[in-house]
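First up is the structure itself, then whatever we jot down about it.
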Amino acid sequence: MNHTSKAFLLLLTSLILLTGCKGVEDISMTGISGFEFRGLENNTISFSALIGVSNPSSAAFRVSEVNVKTMVDGYFLGTLTTNDRIRILARSDTSYRMNFTLSMANLLTGASSLYSLSRKEQVNIELQGYIKARSWLVIKKTEIKESRTVDVPSFNQ
């Protein structure tokens, strides 16, 4: 096979694979539960939670980056991130256990805000940022701008 034929075959294969990824639908978060406090170090809080995710797409994704600014009852707490690389199955509605870190902007203000919030039954959480998901050659960046009222989890163990 000569170089022209190999190049044409490679181009044709690439086009078929890329058009096969067409029509990827949005992933949506369906809920958060099962909070588990992991620790506090410097200005970072570590915890895990079960995250409900609905993926109506025919493509499976791997979460590659999470960067979300977090406000609770109007107070900026910090930036929520994760190092977990969770694989979200195609055509699924499943919960995944993920480990998170919340890097507080100011330890003193953040700690006092968390203490006052822990004494409430419900709080309003505002999330703004993005989540990146990867499926083979496709990277999808989903912007997050959401506000929800949630029950405050109990950290008594």
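We label chains A, B, ... in the order they appear in the structure tokens, count residues from 1 in each chain, and number ligands from 1 in the order shown.
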Excluding stretch 56-65 of chain A and its own-chain neighbours fewer than 2 positions away, which residues fall within 10 Å of it when counting only C-alpha atoms? Please give them as a PyMOL selection string.
chain A and resi 20-28+53-54+67-68+81-93+130-136+138-141
Using only N, CA and C atoms, please write the residues we just selected to a file, as an mmCIF file, in the first residue's frame.
```cif
data_model
loop_
_atom_site.group_PDB
_atom_site.id
_atom_site.type_symbol
_atom_site.label_atom_id
_atom_site.label_comp_id
_atom_site.auth_asym_id
_atom_site.auth_seq_id
_atom_site.Cartn_x
_atom_site.Cartn_y
_atom_site.Cartn_z
ATOM 1 N N GLY A 20 -19.216 9.412 14.424
ATOM 2 C CA GLY A 20 -19.868 8.492 15.354
ATOM 3 C C GLY A 20 -20.088 9.115 16.713
ATOM 4 N N CYS A 21 -19.312 10.150 17.063
ATOM 5 C CA CYS A 21 -19.449 10.840 18.349
ATOM 6 C C CYS A 21 -20.469 11.972 18.273
ATOM 7 N N LYS A 22 -21.042 12.202 17.098
ATOM 8 C CA LYS A 22 -22.021 13.263 16.913
ATOM 9 C C LYS A 22 -23.272 12.957 17.730
ATOM 10 N N GLY A 23 -23.919 13.984 18.245
ATOM 11 C CA GLY A 23 -25.186 13.806 18.939
ATOM 12 C C GLY A 23 -25.050 13.448 20.406
ATOM 13 N N VAL A 24 -23.924 13.735 21.013
ATOM 14 C CA VAL A 24 -23.756 13.466 22.439
ATOM 15 C C VAL A 24 -24.663 14.414 23.211
ATOM 16 N N GLU A 25 -25.487 13.857 24.069
ATOM 17 C CA GLU A 25 -26.444 14.658 24.823
ATOM 18 C C GLU A 25 -25.854 15.088 26.161
ATOM 19 N N ASP A 26 -26.465 16.074 26.775
ATOM 20 C CA ASP A 26 -25.967 16.606 28.038
ATOM 21 C C ASP A 26 -26.124 15.614 29.182
ATOM 22 N N ILE A 27 -25.136 15.610 30.022
ATOM 23 C CA ILE A 27 -25.159 14.830 31.253
ATOM 24 C C ILE A 27 -25.793 15.722 32.311
ATOM 25 N N SER A 28 -26.644 15.169 33.179
ATOM 26 C CA SER A 28 -27.231 15.981 34.240
ATOM 27 C C SER A 28 -27.024 15.326 35.596
ATOM 28 N N VAL A 53 -25.952 10.765 38.624
ATOM 29 C CA VAL A 53 -25.689 11.287 37.284
ATOM 30 C C VAL A 53 -26.562 10.552 36.276
ATOM 31 N N SER A 54 -27.213 11.326 35.405
ATOM 32 C CA SER A 54 -27.994 10.762 34.317
ATOM 33 C C SER A 54 -27.268 11.050 33.011
ATOM 34 N N ASN A 67 -14.242 21.964 38.660
ATOM 35 C CA ASN A 67 -13.813 23.237 39.231
ATOM 36 C C ASN A 67 -15.068 24.072 39.446
ATOM 37 N N VAL A 68 -15.545 24.105 40.683
ATOM 38 C CA VAL A 68 -16.826 24.747 40.986
ATOM 39 C C VAL A 68 -16.671 25.671 42.184
ATOM 40 N N THR A 81 -13.168 20.833 44.139
ATOM 41 C CA THR A 81 -12.451 20.082 43.106
ATOM 42 C C THR A 81 -12.422 18.604 43.485
ATOM 43 N N THR A 82 -12.020 17.758 42.513
ATOM 44 C CA THR A 82 -11.810 16.334 42.770
ATOM 45 C C THR A 82 -10.687 15.826 41.890
ATOM 46 N N ASN A 83 -9.959 14.848 42.396
ATOM 47 C CA ASN A 83 -8.934 14.160 41.608
ATOM 48 C C ASN A 83 -9.452 12.835 41.072
ATOM 49 N N ASP A 84 -10.669 12.454 41.471
ATOM 50 C CA ASP A 84 -11.262 11.199 41.001
ATOM 51 C C ASP A 84 -11.528 11.270 39.506
ATOM 52 N N ARG A 85 -11.308 10.172 38.836
ATOM 53 C CA ARG A 85 -11.597 10.045 37.406
ATOM 54 C C ARG A 85 -12.694 9.001 37.262
ATOM 55 N N ILE A 86 -13.930 9.424 37.481
ATOM 56 C CA ILE A 86 -15.079 8.522 37.484
ATOM 57 C C ILE A 86 -15.557 8.287 36.058
ATOM 58 N N ARG A 87 -15.818 7.031 35.725
ATOM 59 C CA ARG A 87 -16.342 6.681 34.403
ATOM 60 C C ARG A 87 -17.864 6.638 34.501
ATOM 61 N N ILE A 88 -18.520 7.479 33.708
ATOM 62 C CA ILE A 88 -19.974 7.552 33.671
ATOM 63 C C ILE A 88 -20.448 6.693 32.513
ATOM 64 N N LEU A 89 -21.205 5.668 32.829
ATOM 65 C CA LEU A 89 -21.652 4.711 31.827
ATOM 66 C C LEU A 89 -22.657 5.321 30.850
ATOM 67 N N ALA A 90 -22.681 4.799 29.618
ATOM 68 C CA ALA A 90 -23.617 5.248 28.593
ATOM 69 C C ALA A 90 -25.040 4.838 28.970
ATOM 70 N N ARG A 91 -25.992 5.659 28.590
ATOM 71 C CA ARG A 91 -27.424 5.399 28.828
ATOM 72 C C ARG A 91 -27.685 4.886 30.247
ATOM 73 N N SER A 92 -27.248 5.677 31.220
ATOM 74 C CA SER A 92 -27.392 5.228 32.606
ATOM 75 C C SER A 92 -27.928 6.345 33.486
ATOM 76 N N ASP A 93 -28.453 5.944 34.612
ATOM 77 C CA ASP A 93 -28.889 6.845 35.670
ATOM 78 C C ASP A 93 -28.390 6.205 36.962
ATOM 79 N N TYR A 130 -17.401 24.607 36.251
ATOM 80 C CA TYR A 130 -17.514 23.666 35.136
ATOM 81 C C TYR A 130 -17.057 22.272 35.537
ATOM 82 N N ILE A 131 -17.530 21.318 34.739
ATOM 83 C CA ILE A 131 -17.086 19.933 34.830
ATOM 84 C C ILE A 131 -16.680 19.523 33.419
ATOM 85 N N LYS A 132 -15.491 18.931 33.288
ATOM 86 C CA LYS A 132 -15.036 18.432 31.990
ATOM 87 C C LYS A 132 -15.167 16.918 31.976
ATOM 88 N N ALA A 133 -15.720 16.412 30.878
ATOM 89 C CA ALA A 133 -15.843 14.967 30.682
ATOM 90 C C ALA A 133 -15.173 14.615 29.364
ATOM 91 N N ARG A 134 -14.574 13.432 29.322
ATOM 92 C CA ARG A 134 -13.836 13.003 28.140
ATOM 93 C C ARG A 134 -14.352 11.653 27.684
ATOM 94 N N SER A 135 -14.553 11.540 26.364
ATOM 95 C CA SER A 135 -14.923 10.281 25.752
ATOM 96 C C SER A 135 -14.071 10.103 24.513
ATOM 97 N N TRP A 136 -13.085 9.298 24.625
ATOM 98 C CA TRP A 136 -12.121 9.017 23.571
ATOM 99 C C TRP A 136 -11.519 10.299 23.039
ATOM 100 N N VAL A 138 -13.292 13.106 22.216
ATOM 101 C CA VAL A 138 -14.180 14.229 22.489
ATOM 102 C C VAL A 138 -14.050 14.672 23.941
ATOM 103 N N ILE A 139 -13.867 15.988 24.150
ATOM 104 C CA ILE A 139 -13.869 16.567 25.491
ATOM 105 C C ILE A 139 -15.053 17.508 25.572
ATOM 106 N N LYS A 140 -15.897 17.311 26.572
ATOM 107 C CA LYS A 140 -17.092 18.141 26.736
ATOM 108 C C LYS A 140 -16.968 18.904 28.048
ATOM 109 N N LYS A 141 -17.050 20.216 27.956
ATOM 110 C CA LYS A 141 -16.997 21.077 29.137
ATOM 111 C C LYS A 141 -18.417 21.546 29.411
#
```
Just list as a PDB file with N, CA, C and O atoms, in the first residue's frame whatever in stretch 35-96 of chain A DSSP marks as strand (DSSP E).
```pdb
ATOM      1  N   PHE A  35     -23.092  12.069  52.369  1.00  0.00           N
ATOM      2  CA  PHE A  35     -21.897  12.839  52.709  1.00  0.00           C
ATOM      3  C   PHE A  35     -21.079  12.128  53.781  1.00  0.00           C
ATOM      4  O   PHE A  35     -21.623  11.631  54.759  1.00  0.00           O
ATOM      5  N   GLU A  36     -19.762  12.074  53.606  1.00  0.00           N
ATOM      6  CA  GLU A  36     -18.852  11.537  54.614  1.00  0.00           C
ATOM      7  C   GLU A  36     -17.678  12.495  54.760  1.00  0.00           C
ATOM      8  O   GLU A  36     -16.942  12.731  53.811  1.00  0.00           O
ATOM      9  N   PHE A  37     -17.534  13.049  55.952  1.00  0.00           N
ATOM     10  CA  PHE A  37     -16.428  13.963  56.250  1.00  0.00           C
ATOM     11  C   PHE A  37     -15.134  13.160  56.332  1.00  0.00           C
ATOM     12  O   PHE A  37     -15.058  12.145  57.004  1.00  0.00           O
ATOM     13  N   ARG A  38     -14.094  13.608  55.622  1.00  0.00           N
ATOM     14  CA  ARG A  38     -12.804  12.899  55.600  1.00  0.00           C
ATOM     15  C   ARG A  38     -11.733  13.602  56.419  1.00  0.00           C
ATOM     16  O   ARG A  38     -10.852  12.958  56.945  1.00  0.00           O
ATOM     17  N   GLY A  39     -11.792  14.938  56.479  1.00  0.00           N
ATOM     18  CA  GLY A  39     -10.789  15.638  57.267  1.00  0.00           C
ATOM     19  C   GLY A  39     -10.672  17.108  56.916  1.00  0.00           C
ATOM     20  O   GLY A  39     -11.246  17.588  55.943  1.00  0.00           O
ATOM     21  N   LEU A  40      -9.895  17.812  57.738  1.00  0.00           N
ATOM     22  CA  LEU A  40      -9.624  19.233  57.562  1.00  0.00           C
ATOM     23  C   LEU A  40      -8.131  19.430  57.726  1.00  0.00           C
ATOM     24  O   LEU A  40      -7.554  19.035  58.736  1.00  0.00           O
ATOM     25  N   GLU A  41      -7.502  20.012  56.701  1.00  0.00           N
ATOM     26  CA  GLU A  41      -6.073  20.267  56.756  1.00  0.00           C
ATOM     27  C   GLU A  41      -5.804  21.623  56.133  1.00  0.00           C
ATOM     28  O   GLU A  41      -6.230  21.887  55.001  1.00  0.00           O
ATOM     29  N   THR A  44      -8.274  23.350  53.665  1.00  0.00           N
ATOM     30  CA  THR A  44      -8.939  22.413  52.765  1.00  0.00           C
ATOM     31  C   THR A  44      -9.759  21.390  53.548  1.00  0.00           C
ATOM     32  O   THR A  44      -9.258  20.741  54.464  1.00  0.00           O
ATOM     33  N   ILE A  45     -11.023  21.247  53.150  1.00  0.00           N
ATOM     34  CA  ILE A  45     -11.909  20.243  53.734  1.00  0.00           C
ATOM     35  C   ILE A  45     -12.027  19.097  52.735  1.00  0.00           C
ATOM     36  O   ILE A  45     -12.264  19.321  51.551  1.00  0.00           O
ATOM     37  N   SER A  46     -11.835  17.873  53.219  1.00  0.00           N
ATOM     38  CA  SER A  46     -11.979  16.685  52.369  1.00  0.00           C
ATOM     39  C   SER A  46     -13.244  15.933  52.775  1.00  0.00           C
ATOM     40  O   SER A  46     -13.508  15.758  53.962  1.00  0.00           O
ATOM     41  N   PHE A  47     -14.014  15.509  51.777  1.00  0.00           N
ATOM     42  CA  PHE A  47     -15.221  14.734  52.043  1.00  0.00           C
ATOM     43  C   PHE A  47     -15.547  13.897  50.816  1.00  0.00           C
ATOM     44  O   PHE A  47     -14.989  14.086  49.742  1.00  0.00           O
ATOM     45  N   SER A  48     -16.452  12.943  51.002  1.00  0.00           N
ATOM     46  CA  SER A  48     -16.945  12.163  49.862  1.00  0.00           C
ATOM     47  C   SER A  48     -18.458  12.262  49.857  1.00  0.00           C
ATOM     48  O   SER A  48     -19.080  12.579  50.871  1.00  0.00           O
ATOM     49  N   ALA A  49     -19.037  12.000  48.685  1.00  0.00           N
ATOM     50  CA  ALA A  49     -20.492  12.044  48.542  1.00  0.00           C
ATOM     51  C   ALA A  49     -20.899  11.162  47.379  1.00  0.00           C
ATOM     52  O   ALA A  49     -20.107  10.886  46.478  1.00  0.00           O
ATOM     53  N   LEU A  50     -22.143  10.693  47.436  1.00  0.00           N
ATOM     54  CA  LEU A  50     -22.724   9.960  46.312  1.00  0.00           C
ATOM     55  C   LEU A  50     -23.351  10.989  45.372  1.00  0.00           C
ATOM     56  O   LEU A  50     -24.205  11.775  45.792  1.00  0.00           O
ATOM     57  N   ILE A  51     -22.913  10.992  44.124  1.00  0.00           N
ATOM     58  CA  ILE A  51     -23.407  11.937  43.128  1.00  0.00           C
ATOM     59  C   ILE A  51     -24.244  11.174  42.110  1.00  0.00           C
ATOM     60  O   ILE A  51     -23.743  10.266  41.452  1.00  0.00           O
ATOM     61  N   GLY A  52     -25.515  11.520  42.001  1.00  0.00           N
ATOM     62  CA  GLY A  52     -26.400  10.913  41.009  1.00  0.00           C
ATOM     63  C   GLY A  52     -26.190  11.575  39.661  1.00  0.00           C
ATOM     64  O   GLY A  52     -26.207  12.798  39.557  1.00  0.00           O
ATOM     65  N   VAL A  53     -25.952  10.765  38.624  1.00  0.00           N
ATOM     66  CA  VAL A  53     -25.689  11.287  37.284  1.00  0.00           C
ATOM     67  C   VAL A  53     -26.562  10.552  36.276  1.00  0.00           C
ATOM     68  O   VAL A  53     -26.625   9.326  36.282  1.00  0.00           O
ATOM     69  N   SER A  54     -27.213  11.326  35.405  1.00  0.00           N
ATOM     70  CA  SER A  54     -27.994  10.762  34.317  1.00  0.00           C
ATOM     71  C   SER A  54     -27.268  11.050  33.011  1.00  0.00           C
ATOM     72  O   SER A  54     -26.970  12.203  32.710  1.00  0.00           O
ATOM     73  N   ASN A  55     -26.955   9.999  32.254  1.00  0.00           N
ATOM     74  CA  ASN A  55     -26.278  10.135  30.964  1.00  0.00           C
ATOM     75  C   ASN A  55     -27.137   9.471  29.892  1.00  0.00           C
ATOM     76  O   ASN A  55     -27.055   8.268  29.682  1.00  0.00           O
ATOM     77  N   PHE A  61     -18.541   8.411  29.406  1.00  0.00           N
ATOM     78  CA  PHE A  61     -17.621   9.516  29.631  1.00  0.00           C
ATOM     79  C   PHE A  61     -16.791   9.249  30.865  1.00  0.00           C
ATOM     80  O   PHE A  61     -17.193   8.514  31.748  1.00  0.00           O
ATOM     81  N   ARG A  62     -15.643   9.898  30.931  1.00  0.00           N
ATOM     82  CA  ARG A  62     -14.824   9.885  32.134  1.00  0.00           C
ATOM     83  C   ARG A  62     -14.690  11.339  32.591  1.00  0.00           C
ATOM     84  O   ARG A  62     -14.271  12.195  31.823  1.00  0.00           O
ATOM     85  N   VAL A  63     -15.085  11.609  33.835  1.00  0.00           N
ATOM     86  CA  VAL A  63     -14.947  12.956  34.383  1.00  0.00           C
ATOM     87  C   VAL A  63     -13.451  13.228  34.517  1.00  0.00           C
ATOM     88  O   VAL A  63     -12.730  12.467  35.161  1.00  0.00           O
ATOM     89  N   SER A  64     -12.973  14.312  33.879  1.00  0.00           N
ATOM     90  CA  SER A  64     -11.542  14.590  33.900  1.00  0.00           C
ATOM     91  C   SER A  64     -11.183  15.809  34.739  1.00  0.00           C
ATOM     92  O   SER A  64     -10.038  15.961  35.135  1.00  0.00           O
ATOM     93  N   GLU A  65     -12.164  16.672  35.021  1.00  0.00           N
ATOM     94  CA  GLU A  65     -11.868  17.860  35.824  1.00  0.00           C
ATOM     95  C   GLU A  65     -13.146  18.431  36.405  1.00  0.00           C
ATOM     96  O   GLU A  65     -14.179  18.486  35.730  1.00  0.00           O
ATOM     97  N   VAL A  66     -13.072  18.873  37.657  1.00  0.00           N
ATOM     98  CA  VAL A  66     -14.183  19.556  38.320  1.00  0.00           C
ATOM     99  C   VAL A  66     -13.611  20.819  38.942  1.00  0.00           C
ATOM    100  O   VAL A  66     -12.604  20.769  39.650  1.00  0.00           O
ATOM    101  N   ASN A  67     -14.242  21.964  38.660  1.00  0.00           N
ATOM    102  CA  ASN A  67     -13.813  23.237  39.231  1.00  0.00           C
ATOM    103  C   ASN A  67     -15.068  24.072  39.446  1.00  0.00           C
ATOM    104  O   ASN A  67     -15.606  24.643  38.498  1.00  0.00           O
ATOM    105  N   VAL A  68     -15.545  24.105  40.683  1.00  0.00           N
ATOM    106  CA  VAL A  68     -16.826  24.747  40.986  1.00  0.00           C
ATOM    107  C   VAL A  68     -16.671  25.671  42.184  1.00  0.00           C
ATOM    108  O   VAL A  68     -16.265  25.248  43.264  1.00  0.00           O
ATOM    109  N   LYS A  69     -17.002  26.941  41.993  1.00  0.00           N
ATOM    110  CA  LYS A  69     -17.046  27.917  43.089  1.00  0.00           C
ATOM    111  C   LYS A  69     -18.298  27.629  43.895  1.00  0.00           C
ATOM    112  O   LYS A  69     -19.380  27.425  43.342  1.00  0.00           O
ATOM    113  N   THR A  70     -18.156  27.626  45.223  1.00  0.00           N
ATOM    114  CA  THR A  70     -19.248  27.220  46.097  1.00  0.00           C
ATOM    115  C   THR A  70     -19.635  28.339  47.055  1.00  0.00           C
ATOM    116  O   THR A  70     -18.778  28.865  47.766  1.00  0.00           O
ATOM    117  N   MET A  71     -20.930  28.667  47.046  1.00  0.00           N
ATOM    118  CA  MET A  71     -21.475  29.641  47.989  1.00  0.00           C
ATOM    119  C   MET A  71     -22.596  28.967  48.770  1.00  0.00           C
ATOM    120  O   MET A  71     -23.379  28.208  48.202  1.00  0.00           O
ATOM    121  N   VAL A  72     -22.642  29.232  50.070  1.00  0.00           N
ATOM    122  CA  VAL A  72     -23.691  28.679  50.919  1.00  0.00           C
ATOM    123  C   VAL A  72     -24.363  29.831  51.652  1.00  0.00           C
ATOM    124  O   VAL A  72     -23.700  30.601  52.346  1.00  0.00           O
ATOM    125  N   TYR A  75     -22.669  33.138  51.309  1.00  0.00           N
ATOM    126  CA  TYR A  75     -21.267  33.267  51.714  1.00  0.00           C
ATOM    127  C   TYR A  75     -20.386  32.410  50.810  1.00  0.00           C
ATOM    128  O   TYR A  75     -20.625  31.212  50.667  1.00  0.00           O
ATOM    129  N   PHE A  76     -19.346  33.018  50.229  1.00  0.00           N
ATOM    130  CA  PHE A  76     -18.411  32.256  49.398  1.00  0.00           C
ATOM    131  C   PHE A  76     -17.534  31.399  50.303  1.00  0.00           C
ATOM    132  O   PHE A  76     -16.833  31.914  51.169  1.00  0.00           O
ATOM    133  N   LEU A  77     -17.618  30.078  50.118  1.00  0.00           N
ATOM    134  CA  LEU A  77     -16.804  29.172  50.928  1.00  0.00           C
ATOM    135  C   LEU A  77     -15.475  28.868  50.272  1.00  0.00           C
ATOM    136  O   LEU A  77     -14.444  28.821  50.938  1.00  0.00           O
ATOM    137  N   GLY A  78     -15.481  28.598  48.980  1.00  0.00           N
ATOM    138  CA  GLY A  78     -14.245  28.245  48.298  1.00  0.00           C
ATOM    139  C   GLY A  78     -14.515  27.503  47.005  1.00  0.00           C
ATOM    140  O   GLY A  78     -15.628  27.518  46.481  1.00  0.00           O
ATOM    141  N   THR A  79     -13.477  26.819  46.520  1.00  0.00           N
ATOM    142  CA  THR A  79     -13.556  26.106  45.250  1.00  0.00           C
ATOM    143  C   THR A  79     -13.570  24.603  45.489  1.00  0.00           C
ATOM    144  O   THR A  79     -12.717  24.069  46.189  1.00  0.00           O
ATOM    145  N   LEU A  80     -14.542  23.953  44.879  1.00  0.00           N
ATOM    146  CA  LEU A  80     -14.725  22.507  45.000  1.00  0.00           C
ATOM    147  C   LEU A  80     -14.023  21.812  43.832  1.00  0.00           C
ATOM    148  O   LEU A  80     -14.255  22.162  42.679  1.00  0.00           O
ATOM    149  N   THR A  81     -13.168  20.833  44.139  1.00  0.00           N
ATOM    150  CA  THR A  81     -12.451  20.082  43.106  1.00  0.00           C
ATOM    151  C   THR A  81     -12.422  18.604  43.485  1.00  0.00           C
ATOM    152  O   THR A  81     -12.739  18.234  44.615  1.00  0.00           O
ATOM    153  N   ARG A  87     -15.818   7.031  35.725  1.00  0.00           N
ATOM    154  CA  ARG A  87     -16.342   6.681  34.403  1.00  0.00           C
ATOM    155  C   ARG A  87     -17.864   6.638  34.501  1.00  0.00           C
ATOM    156  O   ARG A  87     -18.434   5.872  35.278  1.00  0.00           O
ATOM    157  N   ILE A  88     -18.520   7.479  33.708  1.00  0.00           N
ATOM    158  CA  ILE A  88     -19.974   7.552  33.671  1.00  0.00           C
ATOM    159  C   ILE A  88     -20.448   6.693  32.513  1.00  0.00           C
ATOM    160  O   ILE A  88     -20.099   6.938  31.357  1.00  0.00           O
ATOM    161  N   SER A  92     -27.248   5.677  31.220  1.00  0.00           N
ATOM    162  CA  SER A  92     -27.392   5.228  32.606  1.00  0.00           C
ATOM    163  C   SER A  92     -27.928   6.345  33.486  1.00  0.00           C
ATOM    164  O   SER A  92     -27.865   7.518  33.143  1.00  0.00           O
ATOM    165  N   ASP A  93     -28.453   5.944  34.612  1.00  0.00           N
ATOM    166  CA  ASP A  93     -28.889   6.845  35.670  1.00  0.00           C
ATOM    167  C   ASP A  93     -28.390   6.205  36.962  1.00  0.00           C
ATOM    168  O   ASP A  93     -29.073   5.370  37.549  1.00  0.00           O
ATOM    169  N   THR A  94     -27.177   6.565  37.363  1.00  0.00           N
ATOM    170  CA  THR A  94     -26.468   5.867  38.426  1.00  0.00           C
ATOM    171  C   THR A  94     -25.851   6.865  39.410  1.00  0.00           C
ATOM    172  O   THR A  94     -25.581   7.997  39.054  1.00  0.00           O
ATOM    173  N   SER A  95     -25.588   6.406  40.635  1.00  0.00           N
ATOM    174  CA  SER A  95     -24.877   7.208  41.632  1.00  0.00           C
ATOM    175  C   SER A  95     -23.435   6.721  41.730  1.00  0.00           C
ATOM    176  O   SER A  95     -23.180   5.516  41.677  1.00  0.00           O
ATOM    177  N   TYR A  96     -22.521   7.670  41.880  1.00  0.00           N
ATOM    178  CA  TYR A  96     -21.092   7.378  41.964  1.00  0.00           C
ATOM    179  C   TYR A  96     -20.531   8.007  43.221  1.00  0.00           C
ATOM    180  O   TYR A  96     -20.810   9.163  43.521  1.00  0.00           O
TER     181      TYR A  96
END
```
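Taking atom CA of A:Arg148 and atom CA of A:Ser118 as the two end points, the separation is 16.6 Å.
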Using DSSP secondary structure from the backbone, list all helix (DSSP H, G or I) positions within stretch 83-127 of chain A, as an MDAnalysis selection string.
chainID A and resid 107:118
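With distances restricted to only C-alpha atoms, A:Thr149 is the closest residue to A:Ile125 from A:Thr149, A:Ser113, A:Thr101, A:Asn106.
Across the structure, atom CA of A:Gly34 and atom CA of A:Met98 are spaced 10.3 Å apart.
Pairwise distance (atom CA of A:Lys145, atom CA of A:Gly129) equals 6.7 Å.
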Which residues, written as number ranges by chain, have at least one atom at most 7 Å from A:Glu146, with only C-alpha atoms counted and residues fewer than 6 positions away on the same chain left out?
A: 126-128
Since we have the selection now, will you write its residues out, keeping N, CA, C and O atoms, as a PDB file, in the first residue's frame?
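File selection.pdb, as written:
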```pdb
ATOM      1  N   GLU A 126     -25.159  27.479  46.182  1.00  0.00           N
ATOM      2  CA  GLU A 126     -25.004  27.979  44.822  1.00  0.00           C
ATOM      3  C   GLU A 126     -23.677  27.463  44.283  1.00  0.00           C
ATOM      4  O   GLU A 126     -22.643  27.596  44.927  1.00  0.00           O
ATOM      5  N   LEU A 127     -23.738  26.843  43.107  1.00  0.00           N
ATOM      6  CA  LEU A 127     -22.553  26.287  42.468  1.00  0.00           C
ATOM      7  C   LEU A 127     -22.356  26.968  41.123  1.00  0.00           C
ATOM      8  O   LEU A 127     -23.308  27.092  40.345  1.00  0.00           O
ATOM      9  N   GLN A 128     -21.110  27.407  40.850  1.00  0.00           N
ATOM     10  CA  GLN A 128     -20.819  28.036  39.574  1.00  0.00           C
ATOM     11  C   GLN A 128     -19.415  27.627  39.148  1.00  0.00           C
ATOM     12  O   GLN A 128     -18.456  27.786  39.902  1.00  0.00           O
TER      13      GLN A 128
END
```
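Proximity to A:Gln122 was assessed for A:Leu137, A:Met29, A:Val152, A:Ala105 counting only C-alpha atoms; the smallest distance is recorded for A:Val152.
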